[in-house]
file data-v9.pdb (PDB, C-alpha atoms)
ATOM      1  CA  MET Q   1     -14.553   1.170 -12.568  1.00  0.00           C
ATOM      2  CA  ARG Q   2     -12.098   3.931 -11.650  1.00  0.00           C
ATOM      3  CA  THR Q   3      -9.780   1.293 -10.129  1.00  0.00           C
ATOM      4  CA  VAL Q   4      -9.810  -0.674 -13.417  1.00  0.00           C
ATOM      5  CA  TYR Q   5      -8.743   2.439 -15.334  1.00  0.00           C
ATOM      6  CA  ILE Q   6      -5.888   2.985 -12.886  1.00  0.00           C
ATOM      7  CA  ILE Q   7      -4.689  -0.612 -13.346  1.00  0.00           C
ATOM      8  CA  LEU Q   8      -4.755  -0.281 -17.148  1.00  0.00           C
ATOM      9  CA  PHE Q   9      -2.889   3.022 -16.961  1.00  0.00           C
ATOM     10  CA  ILE Q  10      -0.146   1.513 -14.773  1.00  0.00           C
ATOM     11  CA  CYS Q  11       0.298  -1.461 -17.113  1.00  0.00           C
ATOM     12  CA  PHE Q  12       0.406   0.812 -20.176  1.00  0.00           C
ATOM     13  CA  ILE Q  13       3.012   3.147 -18.703  1.00  0.00           C
ATOM     14  CA  SER Q  14       5.176   0.268 -17.463  1.00  0.00           C
ATOM     15  CA  GLY Q  15       5.064  -1.545 -20.783  1.00  0.00           C
ATOM     16  CA  SER Q  16       5.810   1.621 -22.746  1.00  0.00           C
ATOM     17  CA  LEU Q  17       8.873   2.484 -20.724  1.00  0.00           C
ATOM     18  CA  PHE Q  18      10.272  -1.033 -20.871  1.00  0.00           C
ATOM     19  CA  SER Q  19       9.818  -1.119 -24.634  1.00  0.00           C
ATOM     20  CA  GLN Q  20      12.029   1.957 -24.940  1.00  0.00           C
ATOM     21  CA  GLU Q  21      15.062   0.219 -23.421  1.00  0.00           C
ATOM     22  CA  ASN Q  22      17.873  -0.377 -25.906  1.00  0.00           C
ATOM     23  CA  GLU Q  23      19.521  -3.722 -25.187  1.00  0.00           C
ATOM     24  CA  ASP Q  24      22.448  -2.839 -27.482  1.00  0.00           C
ATOM     25  CA  GLU Q  25      23.626  -0.215 -25.006  1.00  0.00           C
ATOM     26  CA  VAL Q  26      25.533  -1.886 -22.166  1.00  0.00           C
ATOM     27  CA  ASP Q  27      26.156   0.120 -19.012  1.00  0.00           C
ATOM     28  CA  LEU Q  28      28.613  -1.596 -16.675  1.00  0.00           C
ATOM     29  CA  LYS Q  29      27.527   0.721 -13.857  1.00  0.00           C
ATOM     30  CA  TYR Q  30      23.822   0.196 -14.363  1.00  0.00           C
ATOM     31  CA  LEU Q  31      21.192   0.779 -11.693  1.00  0.00           C
ATOM     32  CA  GLU Q  32      17.926  -1.140 -11.516  1.00  0.00           C
ATOM     33  CA  ASP Q  33      14.316  -0.545 -10.526  1.00  0.00           C
ATOM     34  CA  GLN Q  34      14.505   3.048  -9.393  1.00  0.00           C
ATOM     35  CA  PHE Q  35      10.840   3.962  -9.973  1.00  0.00           C
ATOM     36  CA  TYR Q  36       7.856   1.871  -8.907  1.00  0.00           C
ATOM     37  CA  VAL Q  37       4.062   1.869  -8.991  1.00  0.00           C
ATOM     38  CA  GLY Q  38       1.854  -0.684  -7.297  1.00  0.00           C
ATOM     39  CA  LEU Q  39      -1.703  -1.811  -6.707  1.00  0.00           C
ATOM     40  CA  THR Q  40      -2.779  -3.913  -3.716  1.00  0.00           C
ATOM     41  CA  TYR Q  41      -5.771  -5.552  -2.124  1.00  0.00           C
ATOM     42  CA  ASN Q  42      -5.967  -4.558   1.534  1.00  0.00           C
ATOM     43  CA  PHE Q  43      -6.763  -7.159   4.184  1.00  0.00           C
ATOM     44  CA  VAL Q  44      -7.184  -6.518   7.908  1.00  0.00           C
ATOM     45  CA  LEU Q  45      -5.858  -8.933  10.538  1.00  0.00           C
ATOM     46  CA  ASN Q  46      -6.301  -9.045  14.337  1.00  0.00           C
ATOM     47  CA  LYS Q  47      -9.646  -7.274  14.087  1.00  0.00           C
ATOM     48  CA  PRO Q  48     -12.685  -7.805  16.330  1.00  0.00           C
ATOM     49  CA  ASP Q  49     -14.933 -10.560  14.979  1.00  0.00           C
ATOM     50  CA  PRO Q  50     -17.906  -8.247  14.204  1.00  0.00           C
ATOM     51  CA  ILE Q  51     -15.828  -6.195  11.735  1.00  0.00           C
ATOM     52  CA  ASP Q  52     -16.103  -7.424   8.138  1.00  0.00           C
ATOM     53  CA  LEU Q  53     -14.379  -6.027   5.075  1.00  0.00           C
ATOM     54  CA  ARG Q  54     -16.749  -5.006   2.293  1.00  0.00           C
ATOM     55  CA  ASN Q  55     -16.382  -4.092  -1.381  1.00  0.00           C
ATOM     56  CA  LEU Q  56     -12.872  -3.736  -2.830  1.00  0.00           C
ATOM     57  CA  SER Q  57     -10.433  -2.436  -0.244  1.00  0.00           C
ATOM     58  CA  TYR Q  58      -7.511  -1.325  -2.394  1.00  0.00           C
ATOM     59  CA  GLY Q  59      -4.245   0.567  -2.203  1.00  0.00           C
ATOM     60  CA  LEU Q  60      -2.163   2.530  -4.691  1.00  0.00           C
ATOM     61  CA  GLN Q  61       1.518   3.371  -4.262  1.00  0.00           C
ATOM     62  CA  GLY Q  62       4.301   4.958  -6.239  1.00  0.00           C
ATOM     63  CA  GLY Q  63       7.719   6.452  -5.718  1.00  0.00           C
ATOM     64  CA  PHE Q  64      11.467   6.493  -6.271  1.00  0.00           C
ATOM     65  CA  ILE Q  65      14.117   4.179  -4.812  1.00  0.00           C
ATOM     66  CA  LYS Q  66      17.829   4.940  -4.897  1.00  0.00           C
ATOM     67  CA  ASP Q  67      19.565   1.720  -5.955  1.00  0.00           C
ATOM     68  CA  ILE Q  68      22.968   1.281  -4.243  1.00  0.00           C
ATOM     69  CA  PRO Q  69      24.861  -1.817  -5.579  1.00  0.00           C
ATOM     70  CA  LEU Q  70      27.011  -3.667  -3.044  1.00  0.00           C
ATOM     71  CA  ASN Q  71      29.160  -5.848  -5.347  1.00  0.00           C
ATOM     72  CA  SER Q  72      30.916  -5.663  -8.701  1.00  0.00           C
ATOM     73  CA  ARG Q  73      28.194  -7.705 -10.450  1.00  0.00           C
ATOM     74  CA  ARG Q  74      25.654  -5.155  -9.180  1.00  0.00           C
ATOM     75  CA  ASN Q  75      23.108  -7.890  -8.543  1.00  0.00           C
ATOM     76  CA  VAL Q  76      23.083  -7.288  -4.763  1.00  0.00           C
ATOM     77  CA  ALA Q  77      22.070  -3.846  -3.576  1.00  0.00           C
ATOM     78  CA  ILE Q  78      20.444  -1.668  -0.960  1.00  0.00           C
ATOM     79  CA  GLY Q  79      17.411   0.411  -1.897  1.00  0.00           C
ATOM     80  CA  ILE Q  80      16.413   3.597  -0.051  1.00  0.00           C
ATOM     81  CA  GLY Q  81      13.195   5.185  -1.231  1.00  0.00           C
ATOM     82  CA  LEU Q  82      10.558   7.867  -0.957  1.00  0.00           C
ATOM     83  CA  GLY Q  83       6.986   7.360  -2.079  1.00  0.00           C
ATOM     84  CA  TYR Q  84       3.320   8.169  -1.674  1.00  0.00           C
ATOM     85  CA  ALA Q  85       0.408   5.810  -1.065  1.00  0.00           C
ATOM     86  CA  VAL Q  86      -3.335   5.899  -0.589  1.00  0.00           C
ATOM     87  CA  ASN Q  87      -5.160   2.988   1.050  1.00  0.00           C
ATOM     88  CA  SER Q  88      -8.882   2.405   1.433  1.00  0.00           C
ATOM     89  CA  TYR Q  89     -10.530  -0.003   3.882  1.00  0.00           C
ATOM     90  CA  TYR Q  90     -14.215  -0.681   3.188  1.00  0.00           C
ATOM     91  CA  SER Q  91     -15.948  -2.314   6.138  1.00  0.00           C
ATOM     92  CA  ASN Q  92     -18.962  -2.295   8.444  1.00  0.00           C
ATOM     93  CA  LEU Q  93     -17.041  -0.305  11.065  1.00  0.00           C
ATOM     94  CA  SER Q  94     -19.073   2.813  11.816  1.00  0.00           C
ATOM     95  CA  VAL Q  95     -17.294   6.001  12.900  1.00  0.00           C
ATOM     96  CA  GLN Q  96     -19.265   8.908  14.322  1.00  0.00           C
ATOM     97  CA  GLU Q  97     -17.748  12.317  15.024  1.00  0.00           C
ATOM     98  CA  LEU Q  98     -18.894  13.585  18.411  1.00  0.00           C
ATOM     99  CA  ASP Q  99     -17.506  16.989  19.430  1.00  0.00           C
ATOM    100  CA  ASN Q 100     -13.751  16.364  19.859  1.00  0.00           C
ATOM    101  CA  THR Q 101     -13.908  12.583  19.857  1.00  0.00           C
ATOM    102  CA  PHE Q 102     -15.033   9.643  17.725  1.00  0.00           C
ATOM    103  CA  GLU Q 103     -17.333   6.731  18.524  1.00  0.00           C
ATOM    104  CA  TYR Q 104     -16.873   3.304  16.933  1.00  0.00           C
ATOM    105  CA  SER Q 105     -19.599   0.708  16.410  1.00  0.00           C
ATOM    106  CA  ILE Q 106     -20.797  -1.913  13.936  1.00  0.00           C
ATOM    107  CA  LEU Q 107     -23.182  -0.752  11.212  1.00  0.00           C
ATOM    108  CA  GLY Q 108     -26.638  -2.273  11.119  1.00  0.00           C
ATOM    109  CA  THR Q 109     -28.222  -3.784   8.020  1.00  0.00           C
ATOM    110  CA  ASP Q 110     -31.161  -1.358   7.841  1.00  0.00           C
ATOM    111  CA  LEU Q 111     -29.319   1.821   6.836  1.00  0.00           C
ATOM    112  CA  GLY Q 112     -29.410   1.415   3.066  1.00  0.00           C
ATOM    113  CA  LEU Q 113     -25.623   1.300   3.152  1.00  0.00           C
ATOM    114  CA  LYS Q 114     -23.786   1.785  -0.152  1.00  0.00           C
ATOM    115  CA  ARG Q 115     -20.205   2.471   0.884  1.00  0.00           C
ATOM    116  CA  ASN Q 116     -18.363   2.897   4.144  1.00  0.00           C
ATOM    117  CA  LYS Q 117     -14.610   3.327   4.281  1.00  0.00           C
ATOM    118  CA  LEU Q 118     -11.549   4.634   6.024  1.00  0.00           C
ATOM    119  CA  GLU Q 119      -9.011   6.185   3.637  1.00  0.00           C
ATOM    120  CA  THR Q 120      -5.394   6.987   4.534  1.00  0.00           C
ATOM    121  CA  HIS Q 121      -2.814   9.049   2.637  1.00  0.00           C
ATOM    122  CA  LEU Q 122       0.799   8.267   3.481  1.00  0.00           C
ATOM    123  CA  LEU Q 123       4.326   9.431   2.837  1.00  0.00           C
ATOM    124  CA  GLU Q 124       6.431   6.250   2.611  1.00  0.00           C
ATOM    125  CA  PHE Q 125      10.109   5.440   3.182  1.00  0.00           C
ATOM    126  CA  PRO Q 126      10.994   1.911   1.997  1.00  0.00           C
ATOM    127  CA  LEU Q 127      14.350   0.379   2.919  1.00  0.00           C
ATOM    128  CA  GLU Q 128      15.184  -2.769   0.905  1.00  0.00           C
ATOM    129  CA  PHE Q 129      17.852  -5.435   0.636  1.00  0.00           C
ATOM    130  CA  ARG Q 130      17.838  -6.315  -3.078  1.00  0.00           C
ATOM    131  CA  TRP Q 131      18.911  -9.463  -4.912  1.00  0.00           C
ATOM    132  CA  ARG Q 132      18.446 -10.044  -8.662  1.00  0.00           C
ATOM    133  CA  ASN Q 133      20.098 -12.102 -11.402  1.00  0.00           C
ATOM    134  CA  SER Q 134      20.408  -9.144 -13.778  1.00  0.00           C
ATOM    135  CA  THR Q 135      23.395  -8.345 -16.010  1.00  0.00           C
ATOM    136  CA  PRO Q 136      24.414  -5.092 -17.777  1.00  0.00           C
ATOM    137  CA  GLY Q 137      22.683  -6.252 -20.975  1.00  0.00           C
ATOM    138  CA  GLU Q 138      19.716  -8.212 -19.567  1.00  0.00           C
ATOM    139  CA  TYR Q 139      16.509  -6.405 -18.680  1.00  0.00           C
ATOM    140  CA  LYS Q 140      14.376  -9.456 -17.892  1.00  0.00           C
ATOM    141  CA  PHE Q 141      15.418 -11.069 -14.634  1.00  0.00           C
ATOM    142  CA  TRP Q 142      14.263 -12.534 -11.334  1.00  0.00           C
ATOM    143  CA  ARG Q 143      14.284 -10.328  -8.253  1.00  0.00           C
ATOM    144  CA  ILE Q 144      13.685 -10.652  -4.524  1.00  0.00           C
ATOM    145  CA  TYR Q 145      13.566  -7.358  -2.623  1.00  0.00           C
ATOM    146  CA  SER Q 146      12.788  -7.528   1.089  1.00  0.00           C
ATOM    147  CA  GLY Q 147      12.975  -5.058   3.918  1.00  0.00           C
ATOM    148  CA  ILE Q 148      10.990  -2.666   6.063  1.00  0.00           C
ATOM    149  CA  LYS Q 149       8.774   0.240   5.137  1.00  0.00           C
ATOM    150  CA  PHE Q 150       8.308   3.285   7.358  1.00  0.00           C
ATOM    151  CA  SER Q 151       5.485   5.680   6.620  1.00  0.00           C
ATOM    152  CA  TYR Q 152       3.643   8.660   8.005  1.00  0.00           C
ATOM    153  CA  ILE Q 153      -0.075   9.269   7.620  1.00  0.00           C
ATOM    154  CA  LEU Q 154      -0.654  12.725   6.174  1.00  0.00           C
ATOM    155  CA  GLY Q 155      -4.405  12.425   6.543  1.00  0.00           C
ATOM    156  CA  SER Q 156      -7.146   9.906   7.358  1.00  0.00           C
ATOM    157  CA  ARG Q 157     -10.748  10.273   6.234  1.00  0.00           C
ATOM    158  CA  SER Q 158     -13.864   8.368   7.257  1.00  0.00           C
ATOM    159  CA  LYS Q 159     -16.738   8.341   4.787  1.00  0.00           C
ATOM    160  CA  ILE Q 160     -20.167   6.693   4.732  1.00  0.00           C
ATOM    161  CA  VAL Q 161     -22.676   6.746   1.863  1.00  0.00           C
ATOM    162  CA  THR Q 162     -26.284   5.570   2.349  1.00  0.00           C
ATOM    163  CA  ASP Q 163     -29.550   5.875   0.440  1.00  0.00           C
ATOM    164  CA  THR Q 164     -30.304   9.080   2.320  1.00  0.00           C
ATOM    165  CA  GLY Q 165     -26.977  10.889   1.947  1.00  0.00           C
ATOM    166  CA  LYS Q 166     -23.303  10.845   2.783  1.00  0.00           C
ATOM    167  CA  GLU Q 167     -21.008  12.011   5.559  1.00  0.00           C
ATOM    168  CA  SER Q 168     -17.254  12.545   5.436  1.00  0.00           C
ATOM    169  CA  PHE Q 169     -14.742  13.877   7.967  1.00  0.00           C
ATOM    170  CA  TYR Q 170     -11.075  13.611   8.942  1.00  0.00           C
ATOM    171  CA  ASN Q 171     -10.337  10.914  11.503  1.00  0.00           C
ATOM    172  CA  THR Q 172      -7.452  11.755  13.839  1.00  0.00           C
ATOM    173  CA  ASP Q 173      -7.551   8.481  15.818  1.00  0.00           C
ATOM    174  CA  THR Q 174      -5.031   6.699  13.580  1.00  0.00           C
ATOM    175  CA  GLN Q 175      -1.416   6.030  14.561  1.00  0.00           C
ATOM    176  CA  ASN Q 176       0.319   8.310  12.112  1.00  0.00           C
ATOM    177  CA  PHE Q 177       3.777   6.733  12.367  1.00  0.00           C
ATOM    178  CA  ARG Q 178       3.562   3.387  10.551  1.00  0.00           C
ATOM    179  CA  TYR Q 179       6.075   0.585  10.025  1.00  0.00           C
ATOM    180  CA  GLY Q 180       5.943  -2.930   8.651  1.00  0.00           C
ATOM    181  CA  LEU Q 181       7.730  -5.736   6.825  1.00  0.00           C
ATOM    182  CA  MET Q 182       7.575  -6.076   3.049  1.00  0.00           C
ATOM    183  CA  VAL Q 183       8.802  -8.317   0.247  1.00  0.00           C
ATOM    184  CA  ASN Q 184       8.659  -7.850  -3.533  1.00  0.00           C
ATOM    185  CA  PHE Q 185       9.450 -10.802  -5.769  1.00  0.00           C
ATOM    186  CA  GLY Q 186       8.899 -11.842  -9.358  1.00  0.00           C
ATOM    187  CA  TYR Q 187      10.208 -11.828 -12.905  1.00  0.00           C
ATOM    188  CA  ASN Q 188      10.452  -9.001 -15.415  1.00  0.00           C
ATOM    189  CA  THR Q 189       7.557  -6.518 -15.314  1.00  0.00           C
ATOM    190  CA  PHE Q 190       5.055  -8.209 -12.998  1.00  0.00           C
ATOM    191  CA  ASN Q 191       6.037  -8.747  -9.374  1.00  0.00           C
ATOM    192  CA  ILE Q 192       4.195  -9.671  -6.184  1.00  0.00           C
ATOM    193  CA  HIS Q 193       4.164  -7.134  -3.370  1.00  0.00           C
ATOM    194  CA  VAL Q 194       3.388  -8.111   0.252  1.00  0.00           C
ATOM    195  CA  TYR Q 195       3.332  -5.712   3.195  1.00  0.00           C
ATOM    196  CA  TYR Q 196       2.473  -6.616   6.795  1.00  0.00           C
ATOM    197  CA  ALA Q 197       2.060  -3.803   9.323  1.00  0.00           C
ATOM    198  CA  LEU Q 198       3.758  -4.200  12.695  1.00  0.00           C
ATOM    199  CA  ASN Q 199       1.572  -1.709  14.540  1.00  0.00           C
ATOM    200  CA  ASN Q 200      -2.135  -1.111  14.894  1.00  0.00           C
ATOM    201  CA  LEU Q 201      -3.724   1.314  12.427  1.00  0.00           C
ATOM    202  CA  PHE Q 202      -5.740   2.945  15.225  1.00  0.00           C
ATOM    203  CA  GLU Q 203      -4.391   4.471  18.407  1.00  0.00           C
ATOM    204  CA  ASP Q 204      -4.050   2.145  21.367  1.00  0.00           C
ATOM    205  CA  GLY Q 205      -6.895   2.119  23.863  1.00  0.00           C
ATOM    206  CA  LEU Q 206      -9.750   2.699  21.417  1.00  0.00           C
ATOM    207  CA  LYS Q 207     -12.794   0.472  21.862  1.00  0.00           C
ATOM    208  CA  LEU Q 208     -16.007  -0.410  20.088  1.00  0.00           C
ATOM    209  CA  ASP Q 209     -19.250   0.521  21.796  1.00  0.00           C
ATOM    210  CA  THR Q 210     -19.418  -3.153  22.862  1.00  0.00           C
ATOM    211  CA  GLY Q 211     -16.243  -2.735  24.922  1.00  0.00           C
ATOM    212  CA  GLU Q 212     -13.991  -4.721  22.555  1.00  0.00           C
ATOM    213  CA  ASP Q 213     -10.547  -3.323  21.757  1.00  0.00           C
ATOM    214  CA  LEU Q 214     -10.385  -1.737  18.311  1.00  0.00           C
ATOM    215  CA  THR Q 215      -7.432  -3.553  16.722  1.00  0.00           C
ATOM    216  CA  PHE Q 216      -6.796  -3.205  12.998  1.00  0.00           C
ATOM    217  CA  THR Q 217      -3.598  -4.608  11.435  1.00  0.00           C
ATOM    218  CA  PRO Q 218      -3.266  -4.024   7.664  1.00  0.00           C
ATOM    219  CA  LEU Q 219      -1.970  -6.722   5.315  1.00  0.00           C
ATOM    220  CA  ARG Q 220      -1.537  -5.625   1.695  1.00  0.00           C
ATOM    221  CA  ILE Q 221      -0.982  -8.042  -1.197  1.00  0.00           C
ATOM    222  CA  GLY Q 222      -0.820  -7.057  -4.845  1.00  0.00           C
ATOM    223  CA  LEU Q 223       1.349  -6.202  -7.832  1.00  0.00           C
ATOM    224  CA  ILE Q 224       4.305  -3.849  -8.111  1.00  0.00           C
ATOM    225  CA  PHE Q 225       5.776  -2.605 -11.389  1.00  0.00           C
ATOM    226  CA  TYR Q 226       9.372  -1.394 -11.651  1.00  0.00           C
ATOM    227  CA  ILE Q 227      10.488   1.188 -14.191  1.00  0.00           C
ATOM    228  CA  LEU Q 228      14.113   1.899 -15.113  1.00  0.00           C
TER     229      LEU Q 228
END
call {"tool": "encode", "arguments": {"input": "data-v9.pdb", "output": "structure tokens"}}
result
Amino acid sequence: MRTVYIILFICFISGSLFSQENEDEVDLKYLEDQFYVGLTYNFVLNKPDPIDLRNLSYGLQGGFIKDIPLNSRRNVAIGIGLGYAVNSYYSNLSVQELDNTFEYSILGTDLGLKRNKLETHLLEFPLEFRWRNSTPGEYKFWRIYSGIKFSYILGSRSKIVTDTGKESFYNTDTQNFRYGLMVNFGYNTFNIHVYYALNNLFEDGLKLDTGEDLTFTPLRIGLIFYIL
């Protein structure tokens, strides 16, 4: 339910800000899409077969992008940004904290499991090549923004909730420096956001208790809303 409230809040804020634009004021040196908020569903690729995603694995992102037009029409630009994101991955991957290390296994079905997730908080640095068919007086237009996103994990937390209690701790086994390809495309307020990570979420060399390599490649697909 909390996620639904967040979605409604994002839509309300985006719609309110767009409604305040005055189309009678024409700025020949206009800049587009400098603030963004987004909501994604998080998939995991290249994972061991026993790992299954559960519940709603979601992500939230927001930030500022400096729009740098490259031509006189200002419909081709470079975007350099700074943002913050939180991503949750609900699955049956069990993480146990043992002294100064962590042990990974697959959760059984007899634990009275309610929720089990890995949550990451990231500082993000998107770099975009931007095309749009906007004009100085038109605020509804098509856009295709593609590029690469660098990010750094500020903190990762593993949490499990069962019928008998809950356990939560910081997981330091993630690869903190992240990078991946992204594309944002759509019309007017609502746009599709796709991000595919190019490196494993966990550190190389980690294994499940079965001996399988612990690979975990995030794929995020959702909506992104641009403001101003």
call {"tool": "atom_distance", "arguments": {"input": "data-v9.pdb", "atom1": "CA of Lys29 (chain Q)", "atom2": "CA of Gly63 (chain Q)"}}
result
22.2 Å
call {"tool": "resolve_selection", "arguments": {"input": "data-v9.pdb", "expression": "the PyMOL selection byres ((chain Q and resi 78) around 12)", "output": "JSON, numbers by chain"}}
result
{"Q": [31, 32, 33, 34, 65, 66, 67, 68, 69, 70, 71, 74, 75, 76, 77, 79, 80, 81, 126, 127, 128, 129, 130, 131, 132, 144, 145, 146, 147, 148]}
call {"tool": "write_last_selection", "arguments": {"input": "data-v9.pdb", "atoms": "C-alpha atoms", "output": "short mmCIF file (atom, residue, chain, number, x, y, z; two decimals), in the coordinates of the input"}}
result
data_model
loop_
_atom_site.label_atom_id
_atom_site.label_comp_id
_atom_site.auth_asym_id
_atom_site.auth_seq_id
_atom_site.Cartn_x
_atom_site.Cartn_y
_atom_site.Cartn_z
CA LEU Q 31 21.19 0.78 -11.69
CA GLU Q 32 17.93 -1.14 -11.52
CA ASP Q 33 14.32 -0.55 -10.53
CA GLN Q 34 14.50 3.05 -9.39
CA ILE Q 65 14.12 4.18 -4.81
CA LYS Q 66 17.83 4.94 -4.90
CA ASP Q 67 19.57 1.72 -5.96
CA ILE Q 68 22.97 1.28 -4.24
CA PRO Q 69 24.86 -1.82 -5.58
CA LEU Q 70 27.01 -3.67 -3.04
CA ASN Q 71 29.16 -5.85 -5.35
CA ARG Q 74 25.65 -5.16 -9.18
CA ASN Q 75 23.11 -7.89 -8.54
CA VAL Q 76 23.08 -7.29 -4.76
CA ALA Q 77 22.07 -3.85 -3.58
CA GLY Q 79 17.41 0.41 -1.90
CA ILE Q 80 16.41 3.60 -0.05
CA GLY Q 81 13.20 5.18 -1.23
CA PRO Q 126 10.99 1.91 2.00
CA LEU Q 127 14.35 0.38 2.92
CA GLU Q 128 15.18 -2.77 0.90
CA PHE Q 129 17.85 -5.44 0.64
CA ARG Q 130 17.84 -6.32 -3.08
CA TRP Q 131 18.91 -9.46 -4.91
CA ARG Q 132 18.45 -10.04 -8.66
CA ILE Q 144 13.68 -10.65 -4.52
CA TYR Q 145 13.57 -7.36 -2.62
CA SER Q 146 12.79 -7.53 1.09
CA GLY Q 147 12.98 -5.06 3.92
CA ILE Q 148 10.99 -2.67 6.06
#
call {"tool": "closest_residue", "arguments": {"input": "data-v9.pdb", "among": "Q:Tyr139, Q:Phe169, Q:Tyr152, Q:Phe216", "to": "Asn188 (chain Q)", "atoms": "all atoms listed in the file"}}
result
Q:Tyr139
call {"tool": "atom_distance", "arguments": {"input": "data-v9.pdb", "atom1": "CA of Leu123 (chain Q)", "atom2": "CA of Leu82 (chain Q)"}}
result
7.5 Å
call {"tool": "closest_residue", "arguments": {"input": "data-v9.pdb", "among": "Q:Asn133, Q:Thr101, Q:Thr162, Q:Thr172", "to": "Glu119 (chain Q)", "atoms": "all atoms listed in the file"}}
result
Q:Thr172
call {"tool": "closest_residue", "arguments": {"input": "data-v9.pdb", "among": "Q:Trp142, Q:Gly155, Q:Tyr89, Q:Pro50", "to": "Gly108 (chain Q)", "atoms": "only C-alpha atoms"}}
result
Q:Pro50
call {"tool": "resolve_selection", "arguments": {"input": "data-v9.pdb", "expression": "the PyMOL selection byres ((chain Q and resi 36) around 10)", "output": "VMD selection string"}}
result
chain Q and resid 10 14 33 to 35 37 to 38 61 to 65 81 83 224 to 228
call {"tool": "atom_distance", "arguments": {"input": "data-v9.pdb", "atom1": "CA of Asp163 (chain Q)", "atom2": "CA of Ser105 (chain Q)"}}
result
19.5 Å
